[in-house]
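Source file input23.pdb; content: PDB, C-alpha atoms (C1' of nucleotides).
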ATOM      1  CA  MET A 192       0.000   0.000   0.000  1.00  0.00           C
ATOM      2  CA  LEU A 193       1.088   3.558  -0.649  1.00  0.00           C
ATOM      3  CA  ASN A 194       2.349   5.589   2.296  1.00  0.00           C
ATOM      4  CA  LYS A 195       0.947   8.899   3.471  1.00  0.00           C
ATOM      5  CA  ASN A 196       3.376  10.998   1.457  1.00  0.00           C
ATOM      6  CA  ASP A 197       2.681   9.201  -1.800  1.00  0.00           C
ATOM      7  CA  ILE A 198      -1.058   9.404  -1.201  1.00  0.00           C
ATOM      8  CA  ARG A 199      -0.731  13.123  -0.544  1.00  0.00           C
ATOM      9  CA  ALA A 200       1.193  13.511  -3.794  1.00  0.00           C
ATOM     10  CA  CYS A 201      -1.569  11.679  -5.674  1.00  0.00           C
ATOM     11  CA  LEU A 202      -4.281  13.810  -4.103  1.00  0.00           C
ATOM     12  CA  ASP A 203      -2.385  17.004  -4.879  1.00  0.00           C
ATOM     13  CA  THR A 204      -2.130  15.963  -8.512  1.00  0.00           C
ATOM     14  CA  MET A 205      -5.846  15.208  -8.601  1.00  0.00           C
ATOM     15  CA  ALA A 206      -6.453  18.691  -7.200  1.00  0.00           C
ATOM     16  CA  GLU A 207      -4.438  20.161 -10.071  1.00  0.00           C
ATOM     17  CA  MET A 208      -6.332  18.080 -12.606  1.00  0.00           C
ATOM     18  CA  PHE A 209      -9.734  18.996 -11.182  1.00  0.00           C
ATOM     19  CA  PRO A 210      -9.347  22.305  -9.313  1.00  0.00           C
ATOM     20  CA  ASP A 211     -13.103  22.899  -9.225  1.00  0.00           C
ATOM     21  CA  ALA A 212     -14.104  19.468  -7.918  1.00  0.00           C
ATOM     22  CA  HIS A 213     -17.253  19.814  -5.871  1.00  0.00           C
ATOM     23  CA  CYS A 214     -20.454  18.017  -4.930  1.00  0.00           C
ATOM     24  CA  GLU A 215     -22.573  18.063  -8.061  1.00  0.00           C
ATOM     25  CA  LEU A 216     -25.612  17.040  -6.057  1.00  0.00           C
ATOM     26  CA  ASN A 217     -25.259  20.002  -3.749  1.00  0.00           C
ATOM     27  CA  HIS A 218     -28.534  21.767  -3.175  1.00  0.00           C
ATOM     28  CA  ARG A 219     -29.690  24.699  -1.131  1.00  0.00           C
ATOM     29  CA  ASN A 220     -30.539  22.971   2.142  1.00  0.00           C
ATOM     30  CA  PRO A 221     -29.915  19.668   3.982  1.00  0.00           C
ATOM     31  CA  PHE A 222     -33.386  18.367   3.212  1.00  0.00           C
ATOM     32  CA  GLU A 223     -32.992  18.750  -0.539  1.00  0.00           C
ATOM     33  CA  LEU A 224     -29.495  17.285  -0.318  1.00  0.00           C
ATOM     34  CA  VAL A 225     -30.767  14.140   1.414  1.00  0.00           C
ATOM     35  CA  ILE A 226     -33.434  13.686  -1.241  1.00  0.00           C
ATOM     36  CA  ALA A 227     -31.024  14.320  -4.117  1.00  0.00           C
ATOM     37  CA  VAL A 228     -28.328  11.970  -2.873  1.00  0.00           C
ATOM     38  CA  ALA A 229     -30.793   9.252  -1.885  1.00  0.00           C
ATOM     39  CA  LEU A 230     -32.210   9.416  -5.415  1.00  0.00           C
ATOM     40  CA  SER A 231     -28.748   9.143  -6.944  1.00  0.00           C
ATOM     41  CA  ALA A 232     -28.170   5.457  -6.177  1.00  0.00           C
ATOM     42  CA  GLN A 233     -27.315   3.538  -9.367  1.00  0.00           C
ATOM     43  CA  CYS A 234     -28.148   6.525 -11.515  1.00  0.00           C
ATOM     44  CA  THR A 235     -26.113   9.298 -13.121  1.00  0.00           C
ATOM     45  CA  ASP A 236     -25.976  12.655 -11.360  1.00  0.00           C
ATOM     46  CA  ALA A 237     -27.044  14.404 -14.573  1.00  0.00           C
ATOM     47  CA  LEU A 238     -30.268  12.442 -14.527  1.00  0.00           C
ATOM     48  CA  VAL A 239     -30.828  13.219 -10.836  1.00  0.00           C
ATOM     49  CA  ASN A 240     -30.317  16.920 -11.457  1.00  0.00           C
ATOM     50  CA  LYS A 241     -32.799  16.825 -14.308  1.00  0.00           C
ATOM     51  CA  VAL A 242     -35.428  15.268 -12.016  1.00  0.00           C
ATOM     52  CA  THR A 243     -34.750  17.333  -8.898  1.00  0.00           C
ATOM     53  CA  LYS A 244     -35.043  20.595 -10.790  1.00  0.00           C
ATOM     54  CA  ASN A 245     -38.785  20.098 -11.158  1.00  0.00           C
ATOM     55  CA  LEU A 246     -39.117  18.053  -7.984  1.00  0.00           C
ATOM     56  CA  PHE A 247     -37.832  20.808  -5.702  1.00  0.00           C
ATOM     57  CA  GLU A 248     -40.154  23.357  -7.272  1.00  0.00           C
ATOM     58  CA  LYS A 249     -43.111  21.121  -6.515  1.00  0.00           C
ATOM     59  CA  TYR A 250     -42.069  19.870  -3.059  1.00  0.00           C
ATOM     60  CA  GLN A 251     -40.367  22.033  -0.437  1.00  0.00           C
ATOM     61  CA  THR A 252     -41.159  20.351   2.890  1.00  0.00           C
ATOM     62  CA  PRO A 253     -41.507  16.777   4.160  1.00  0.00           C
ATOM     63  CA  GLU A 254     -45.246  17.426   4.425  1.00  0.00           C
ATOM     64  CA  ASP A 255     -45.385  18.229   0.712  1.00  0.00           C
ATOM     65  CA  TYR A 256     -44.104  14.760  -0.189  1.00  0.00           C
ATOM     66  CA  LEU A 257     -46.691  13.149   2.108  1.00  0.00           C
ATOM     67  CA  ASN A 258     -49.592  15.125   0.700  1.00  0.00           C
ATOM     68  CA  VAL A 259     -49.537  13.352  -2.666  1.00  0.00           C
ATOM     69  CA  PRO A 260     -50.358   9.716  -3.442  1.00  0.00           C
ATOM     70  CA  ILE A 261     -47.341   7.472  -3.907  1.00  0.00           C
ATOM     71  CA  GLU A 262     -48.211   7.017  -7.565  1.00  0.00           C
ATOM     72  CA  GLU A 263     -47.819  10.713  -8.223  1.00  0.00           C
ATOM     73  CA  LEU A 264     -44.388  10.821  -6.587  1.00  0.00           C
ATOM     74  CA  GLN A 265     -43.376   7.746  -8.573  1.00  0.00           C
ATOM     75  CA  THR A 266     -44.329   9.516 -11.775  1.00  0.00           C
ATOM     76  CA  ASP A 267     -42.334  12.585 -10.777  1.00  0.00           C
ATOM     77  CA  ILE A 268     -39.116  10.567 -10.425  1.00  0.00           C
ATOM     78  CA  ARG A 269     -39.838   7.824 -12.951  1.00  0.00           C
ATOM     79  CA  SER A 270     -36.958   8.588 -15.299  1.00  0.00           C
ATOM     80  CA  ILE A 271     -34.205   7.843 -12.769  1.00  0.00           C
ATOM     81  CA  GLY A 272     -35.009   4.139 -12.483  1.00  0.00           C
ATOM     82  CA  LEU A 273     -35.611   2.213  -9.247  1.00  0.00           C
ATOM     83  CA  TYR A 274     -38.369   4.761  -8.781  1.00  0.00           C
ATOM     84  CA  ARG A 275     -40.844   2.570  -6.916  1.00  0.00           C
ATOM     85  CA  ASN A 276     -38.504   1.901  -4.016  1.00  0.00           C
ATOM     86  CA  LYS A 277     -37.170   5.431  -4.058  1.00  0.00           C
ATOM     87  CA  ALA A 278     -40.626   7.020  -3.958  1.00  0.00           C
ATOM     88  CA  LYS A 279     -41.615   4.737  -1.091  1.00  0.00           C
ATOM     89  CA  ASN A 280     -38.391   5.547   0.751  1.00  0.00           C
ATOM     90  CA  ILE A 281     -38.836   9.285   0.326  1.00  0.00           C
ATOM     91  CA  GLN A 282     -42.296   9.247   1.837  1.00  0.00           C
ATOM     92  CA  LYS A 283     -41.186   7.041   4.723  1.00  0.00           C
ATOM     93  CA  LEU A 284     -38.135   9.243   5.208  1.00  0.00           C
ATOM     94  CA  CYS A 285     -40.326  12.344   5.367  1.00  0.00           C
ATOM     95  CA  ARG A 286     -42.622  10.635   7.859  1.00  0.00           C
ATOM     96  CA  MET A 287     -39.640   9.810  10.075  1.00  0.00           C
ATOM     97  CA  LEU A 288     -38.233  13.324   9.795  1.00  0.00           C
ATOM     98  CA  ILE A 289     -41.531  14.727  11.047  1.00  0.00           C
ATOM     99  CA  ASP A 290     -42.206  12.126  13.736  1.00  0.00           C
ATOM    100  CA  ASP A 291     -38.714  11.482  15.076  1.00  0.00           C
ATOM    101  CA  TYR A 292     -36.557  14.490  14.177  1.00  0.00           C
ATOM    102  CA  GLY A 293     -38.836  17.513  14.418  1.00  0.00           C
ATOM    103  CA  GLY A 294     -38.738  17.991  10.665  1.00  0.00           C
ATOM    104  CA  ILE A 295     -34.992  18.661  10.771  1.00  0.00           C
ATOM    105  CA  VAL A 296     -32.411  16.553   8.928  1.00  0.00           C
ATOM    106  CA  PRO A 297     -30.125  15.206  11.673  1.00  0.00           C
ATOM    107  CA  ALA A 298     -26.466  16.284  11.467  1.00  0.00           C
ATOM    108  CA  ASP A 299     -25.305  12.861  12.575  1.00  0.00           C
ATOM    109  CA  ARG A 300     -24.151  10.036  10.353  1.00  0.00           C
ATOM    110  CA  ASP A 301     -25.597   7.231  12.490  1.00  0.00           C
ATOM    111  CA  GLU A 302     -28.982   8.924  12.799  1.00  0.00           C
ATOM    112  CA  LEU A 303     -29.078   9.576   9.049  1.00  0.00           C
ATOM    113  CA  THR A 304     -28.389   5.913   8.353  1.00  0.00           C
ATOM    114  CA  LYS A 305     -31.618   5.018  10.153  1.00  0.00           C
ATOM    115  CA  LEU A 306     -33.573   6.781   7.412  1.00  0.00           C
ATOM    116  CA  PRO A 307     -34.828   4.528   4.602  1.00  0.00           C
ATOM    117  CA  GLY A 308     -32.819   4.828   1.411  1.00  0.00           C
ATOM    118  CA  VAL A 309     -29.921   6.432   3.288  1.00  0.00           C
ATOM    119  CA  GLY A 310     -26.864   4.214   3.609  1.00  0.00           C
ATOM    120  CA  ARG A 311     -23.409   5.003   4.849  1.00  0.00           C
ATOM    121  CA  LYS A 312     -22.325   6.676   1.620  1.00  0.00           C
ATOM    122  CA  THR A 313     -25.328   8.996   1.436  1.00  0.00           C
ATOM    123  CA  ALA A 314     -25.056   9.825   5.133  1.00  0.00           C
ATOM    124  CA  ASN A 315     -21.400  10.762   4.715  1.00  0.00           C
ATOM    125  CA  VAL A 316     -22.198  13.073   1.814  1.00  0.00           C
ATOM    126  CA  VAL A 317     -24.949  14.787   3.781  1.00  0.00           C
ATOM    127  CA  VAL A 318     -22.927  15.439   6.942  1.00  0.00           C
ATOM    128  CA  SER A 319     -19.874  16.619   5.014  1.00  0.00           C
ATOM    129  CA  VAL A 320     -21.629  18.803   2.436  1.00  0.00           C
ATOM    130  CA  ALA A 321     -24.652  20.070   4.365  1.00  0.00           C
ATOM    131  CA  TYR A 322     -23.148  20.285   7.858  1.00  0.00           C
ATOM    132  CA  ASP A 323     -19.436  20.684   7.165  1.00  0.00           C
ATOM    133  CA  ILE A 324     -18.553  17.630   9.247  1.00  0.00           C
ATOM    134  CA  PRO A 325     -15.396  15.818   8.067  1.00  0.00           C
ATOM    135  CA  ALA A 326     -16.286  12.578   6.270  1.00  0.00           C
ATOM    136  CA  ILE A 327     -15.168  10.504   3.297  1.00  0.00           C
ATOM    137  CA  ALA A 328     -18.074   9.027   1.357  1.00  0.00           C
ATOM    138  CA  VAL A 329     -16.865   5.938  -0.480  1.00  0.00           C
ATOM    139  CA  ASP A 330     -18.765   5.341  -3.689  1.00  0.00           C
ATOM    140  CA  THR A 331     -17.784   3.204  -6.674  1.00  0.00           C
ATOM    141  CA  HIS A 332     -15.366   5.848  -7.974  1.00  0.00           C
ATOM    142  CA  VAL A 333     -13.565   6.383  -4.672  1.00  0.00           C
ATOM    143  CA  GLU A 334     -13.352   2.643  -4.130  1.00  0.00           C
ATOM    144  CA  ARG A 335     -11.986   1.915  -7.608  1.00  0.00           C
ATOM    145  CA  VAL A 336      -9.414   4.726  -7.508  1.00  0.00           C
ATOM    146  CA  SER A 337      -8.306   3.770  -3.996  1.00  0.00           C
ATOM    147  CA  LYS A 338      -7.683   0.208  -5.107  1.00  0.00           C
ATOM    148  CA  ARG A 339      -5.974   0.960  -8.410  1.00  0.00           C
ATOM    149  CA  LEU A 340      -3.609   3.421  -6.758  1.00  0.00           C
ATOM    150  CA  ALA A 341      -3.122   1.111  -3.768  1.00  0.00           C
ATOM    151  CA  PHE A 342      -4.360   3.650  -1.247  1.00  0.00           C
ATOM    152  CA  CYS A 343      -5.870   0.544   0.337  1.00  0.00           C
ATOM    153  CA  ARG A 344      -5.792  -3.208  -0.217  1.00  0.00           C
ATOM    154  CA  TRP A 345      -7.380  -4.593  -3.359  1.00  0.00           C
ATOM    155  CA  LYS A 346      -9.798  -6.821  -1.457  1.00  0.00           C
ATOM    156  CA  ASP A 347     -10.845  -4.241   1.144  1.00  0.00           C
ATOM    157  CA  SER A 348     -14.527  -3.797   1.803  1.00  0.00           C
ATOM    158  CA  VAL A 349     -16.096  -0.358   1.329  1.00  0.00           C
ATOM    159  CA  LEU A 350     -15.914   0.241   5.065  1.00  0.00           C
ATOM    160  CA  GLU A 351     -12.252  -0.742   5.166  1.00  0.00           C
ATOM    161  CA  VAL A 352     -11.522   1.642   2.296  1.00  0.00           C
ATOM    162  CA  GLU A 353     -13.159   4.452   4.234  1.00  0.00           C
ATOM    163  CA  LYS A 354     -11.230   3.660   7.425  1.00  0.00           C
ATOM    164  CA  THR A 355      -7.918   3.481   5.579  1.00  0.00           C
ATOM    165  CA  LEU A 356      -8.505   6.820   3.858  1.00  0.00           C
ATOM    166  CA  MET A 357      -9.451   8.455   7.159  1.00  0.00           C
ATOM    167  CA  LYS A 358      -6.242   7.123   8.672  1.00  0.00           C
ATOM    168  CA  LYS A 359      -3.998   8.333   5.845  1.00  0.00           C
ATOM    169  CA  VAL A 360      -5.571  11.686   4.976  1.00  0.00           C
ATOM    170  CA  PRO A 361      -5.653  14.695   7.346  1.00  0.00           C
ATOM    171  CA  LYS A 362      -9.123  15.189   8.780  1.00  0.00           C
ATOM    172  CA  GLU A 363      -9.532  18.726   7.481  1.00  0.00           C
ATOM    173  CA  GLU A 364      -9.074  17.411   3.913  1.00  0.00           C
ATOM    174  CA  TRP A 365     -11.526  14.510   4.013  1.00  0.00           C
ATOM    175  CA  SER A 366     -14.353  16.273   2.230  1.00  0.00           C
ATOM    176  CA  VAL A 367     -12.307  17.774  -0.602  1.00  0.00           C
ATOM    177  CA  THR A 368     -10.457  14.485  -0.977  1.00  0.00           C
ATOM    178  CA  HIS A 369     -13.759  12.738  -1.560  1.00  0.00           C
ATOM    179  CA  HIS A 370     -14.742  15.180  -4.307  1.00  0.00           C
ATOM    180  CA  ARG A 371     -11.360  15.127  -6.004  1.00  0.00           C
ATOM    181  CA  MET A 372     -11.284  11.341  -6.098  1.00  0.00           C
ATOM    182  CA  ILE A 373     -14.782  11.222  -7.558  1.00  0.00           C
ATOM    183  CA  PHE A 374     -13.889  13.638 -10.365  1.00  0.00           C
ATOM    184  CA  PHE A 375     -10.640  11.813 -11.002  1.00  0.00           C
ATOM    185  CA  GLY A 376     -12.471   8.484 -11.102  1.00  0.00           C
ATOM    186  CA  ARG A 377     -15.315   9.669 -13.272  1.00  0.00           C
ATOM    187  CA  TYR A 378     -13.431  11.653 -15.901  1.00  0.00           C
ATOM    188  CA  HIS A 379      -9.961  10.108 -15.941  1.00  0.00           C
ATOM    189  CA  CYS A 380      -9.527   6.855 -14.004  1.00  0.00           C
ATOM    190  CA  LYS A 381     -12.688   5.487 -15.556  1.00  0.00           C
ATOM    191  CA  ALA A 382     -14.023   2.027 -14.817  1.00  0.00           C
ATOM    192  CA  GLN A 383     -14.008   0.688 -18.370  1.00  0.00           C
ATOM    193  CA  ASN A 384     -11.438   2.759 -20.218  1.00  0.00           C
ATOM    194  CA  PRO A 385      -8.929   4.392 -17.857  1.00  0.00           C
ATOM    195  CA  GLN A 386      -6.617   7.003 -19.403  1.00  0.00           C
ATOM    196  CA  CYS A 387      -3.430   5.352 -18.149  1.00  0.00           C
ATOM    197  CA  PRO A 388      -1.076   6.411 -21.005  1.00  0.00           C
ATOM    198  CA  GLU A 389      -1.663  10.080 -20.249  1.00  0.00           C
ATOM    199  CA  CYS A 390      -2.016   9.755 -16.483  1.00  0.00           C
ATOM    200  CA  PRO A 391       0.338  11.899 -14.355  1.00  0.00           C
ATOM    201  CA  LEU A 392       0.042   9.317 -11.573  1.00  0.00           C
ATOM    202  CA  LEU A 393       1.251   6.383 -13.658  1.00  0.00           C
ATOM    203  CA  ASP A 394       4.596   6.175 -11.853  1.00  0.00           C
ATOM    204  CA  LEU A 395       2.818   5.682  -8.536  1.00  0.00           C
ATOM    205  CA  CYS A 396       0.050   3.448  -9.852  1.00  0.00           C
ATOM    206  CA  ARG A 397       0.353  -0.298  -9.472  1.00  0.00           C
ATOM    207  CA  GLU A 398      -2.732  -1.051 -11.546  1.00  0.00           C
ATOM    208  CA  GLY A 399      -1.817   1.494 -14.235  1.00  0.00           C
ATOM    209  CA  LYS A 400       1.637   0.009 -14.779  1.00  0.00           C
ATOM    210  CA  LYS A 401       0.121  -3.453 -14.932  1.00  0.00           C
ATOM    211  CA  ARG A 402      -2.362  -2.276 -17.546  1.00  0.00           C
ATOM    212  CA  MET A 403       0.317  -0.546 -19.604  1.00  0.00           C
ATOM    213  CA  LYS A 404       2.469  -3.652 -19.629  1.00  0.00           C
ATOM    214  CA  ALA A 405      -0.485  -5.807 -20.654  1.00  0.00           C
ATOM    215  CA  SER A 406      -1.418  -3.455 -23.510  1.00  0.00           C
ATOM    216  CA  LEU A 407       2.089  -3.668 -25.013  1.00  0.00           C
ATOM    217  CA  LYS A 408       1.803  -7.376 -25.648  1.00  0.00           C
TER     218      LYS A 408
ATOM    219  C1'  DA B 263     -20.828 -12.053  -0.240  1.00  0.00           C
ATOM    220  C1'  DA B 264     -24.313 -12.304  -3.663  1.00  0.00           C
ATOM    221  C1'  DC B 265     -28.480 -10.731  -5.421  1.00  0.00           C
ATOM    222  C1'  DT B 266     -32.101  -7.436  -6.899  1.00  0.00           C
ATOM    223  C1'  DC B 267     -34.007  -3.192  -8.288  1.00  0.00           C
ATOM    224  C1'  DG B 268     -34.725  -0.205 -13.351  1.00  0.00           C
ATOM    225  C1'  DG B 269     -35.122   3.688 -16.813  1.00  0.00           C
ATOM    226  C1'  DG B 270     -32.012   6.384 -19.433  1.00  0.00           C
ATOM    227  C1'  DG B 271     -27.531   7.250 -21.725  1.00  0.00           C
ATOM    228  C1'  DC B 272     -24.110   5.741 -24.575  1.00  0.00           C
ATOM    229  C1'  DA B 273     -21.229   2.756 -27.694  1.00  0.00           C
TER     230       DA B 273
ATOM    231  C1'  DT C  68     -28.830  -4.508 -28.300  1.00  0.00           C
ATOM    232  C1'  DG C  69     -25.970  -4.732 -24.281  1.00  0.00           C
ATOM    233  C1'  DC C  70     -23.737  -2.681 -20.601  1.00  0.00           C
ATOM    234  C1'  DC C  71     -23.329   0.616 -16.942  1.00  0.00           C
ATOM    235  C1'  DC C  72     -24.764   4.233 -13.595  1.00  0.00           C
ATOM    236  C1'  DA C  73     -22.244   9.713  -6.814  1.00  0.00           C
ATOM    237  C1'  DG C  74     -26.167   2.408  -3.629  1.00  0.00           C
ATOM    238  C1'  DA C  75     -29.183   0.344  -0.384  1.00  0.00           C
ATOM    239  C1'  DG C  76     -31.743  -3.491   1.493  1.00  0.00           C
ATOM    240  C1'  DT C  77     -32.460  -8.289   1.962  1.00  0.00           C
ATOM    241  C1'  DT C  78     -31.071 -13.025   2.296  1.00  0.00           C
TER     242       DT C  78
END
For the file at hand, write its structure as structure tokens.
Amino acid sequence: MLNKNDIRACLDTMAEMFPDAHCELNHRNPFELVIAVALSAQCTDALVNKVTKNLFEKYQTPEDYLNVPIEELQTDIRSIGLYRNKAKNIQKLCRMLIDDYGGIVPADRDELTKLPGVGRKTANVVVSVAYDIPAIAVDTHVERVSKRLAFCRWKDSVLEVEKTLMKKVPKEEWSVTHHRMIFFGRYHCKAQNPQCPECPLLDLCREGKKRMKASLK
DNA sequence: AACTCGGGGCA
DNA sequence: TGCCCAGAGTT
């Protein structure tokens, strides 16, 4: 595994490659952020943004989502896929926010995880983006990049990836690190067709060197 | 750890 | 057409 200094060098390079890396699902308030990120599972962020644009004009409060029949909410988010479960989760989530949290999105990762449709990744995004609490949300991009660059072990679980990153990255940089790695993973270190030949991190990348060697044969 | 949900985007 | 997508829940 890479040491702290090498990891820092990688992250600095990612920062140069994507200086404006940010949360593309960022919205005006914690409530809208929870909805947007919960909707984003197994779906592109562009599609989520297309849906939430109209959604957030129509619904502003948890009560608003509960005042329509489930079928109507399903229709409103139909184009993102998995819409039946997600519509059901949103209404249950709104019910819990009202009944258990005074209508306020909790600023606590473990409390957020109790909400339906909110897993560890979504909860980490919400606390870090909406409440400025240090957290590293490990999604498919962060996991893939961490493993290719040997920030962690290849066979690590998602939770182990998160723990390793928290150990090797200064706390005050967790949130930006998450965003940089996502941009790097999405636009450069892509799942199917990584841009290894033109990657500035190739010298430090175990997987990249392996891929380059394999492509020469 | 493996499986399922799912419409849209893209090759 | 076939494959994949800022995951989560269940078994």
Interface residues on chain B facing chain A, 9 Å, all atoms listed in the file, written as a compact mmCIF listing (two decimals) with C-alpha atoms (C1' of nucleotides), in the coordinates of the input:
# COMPACT_ATOMS: atom_id res chain seq x y z
C1' DC B 267 -34.01 -3.19 -8.29
C1' DG B 268 -34.72 -0.20 -13.35
C1' DG B 269 -35.12 3.69 -16.81
C1' DG B 270 -32.01 6.38 -19.43
C1' DG B 271 -27.53 7.25 -21.72
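Within 9 Å of chain A, counting only C-alpha atoms (C1' of nucleotides), chain C contributes DC72, DA73, DG74, DA75 and DG76 of chain C.
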Those same residues - C-alpha atoms (C1' of nucleotides) - I'd like them written as a PDB file, keeping the file's coordinate frame.
ATOM      1  C1'  DC C  72     -24.764   4.233 -13.595  1.00  0.00           C
ATOM      2  C1'  DA C  73     -22.244   9.713  -6.814  1.00  0.00           C
ATOM      3  C1'  DG C  74     -26.167   2.408  -3.629  1.00  0.00           C
ATOM      4  C1'  DA C  75     -29.183   0.344  -0.384  1.00  0.00           C
ATOM      5  C1'  DG C  76     -31.743  -3.491   1.493  1.00  0.00           C
TER       6       DG C  76
END
Quiz prompt | Resolved residues for the PyMOL selection byres ((chain B and resi 265) around 9) as a ChimeraX atom specification | solution = /B:264,266 /C:77-78
Quiz prompt | Point-to-point distance from CA of Val239 in chain A to CA of Asn280 in chain A, Å rounded to tenths | solution =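 Result for CA of Val239 in chain A versus CA of Asn280 in chain A: 15.8 Å, one decimal.
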Practice problem: Could you tell me which residues the PyMOL selection byres ((chain A and resi 195) around 10) grabs in this file, written as a PyMOL selection string? | Solution: chain A and resi 192-194+196-201+342+356+358-361
Quiz prompt | Resolved residues for the PyMOL selection byres ((chain A and resi 344) around 12) as a VMD selection string | solution = chain A and resid 192 to 193 334 to 343 345 to 356 397 to 398
Quiz item: So how many Å separate CA of Pro391 in chain A and CA of Ser406 in chain A, to one decimal?
Solution: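 CA of Ser406 in chain A lies at a distance of 18.0 Å from CA of Pro391 in chain A.
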Exercise. Mind giving me the straight-line distance from CA of Thr368 in chain A to CA of Glu223 in chain A in Å, one decimal?
Key: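 Result for CA of Thr368 in chain A versus CA of Glu223 in chain A: 22.9 Å, one decimal.
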Is it possible to get the axis-aligned box enclosing range 309-328 of chain A (all listed atoms, 8 Å extra per side) as JSON, with centre and edge lengths in Å rounded to one decimal?
{"center_x": -22.5, "center_y": 12.4, "center_z": 5.3, "size_x": 30.8, "size_y": 32.5, "size_z": 23.9}
Quiz item: Pick the closest to Ile268 in chain A from A:Lys241, A:Gly294, A:Glu254, A:Asn217: which is it, counting only C-alpha atoms?
Solution: A:Lys241
Self-check item: Spatial neighbours of DT68 in chain C, 12 Å, only C-alpha atoms (C1' of nucleotides), chain gap at least 2 places, as a PyMOL selection string
Solution: (chain B and resi 272-273) or (chain C and resi 70)
Practice problem: Tell me which of A:Pro210, A:Arg371, A:Tyr250, A:Ser366 sits closest to Val320 in chain A, counting only C-alpha atoms. | Solution: A:Ser366
Quiz prompt | Pick from A:Phe375, A:Tyr256, A:Tyr322, A:Phe247, whichever lies nearest to Ala227 in chain A using only C-alpha atoms | solution =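 With only C-alpha atoms as the atom set, the closest residue is A:Phe247.
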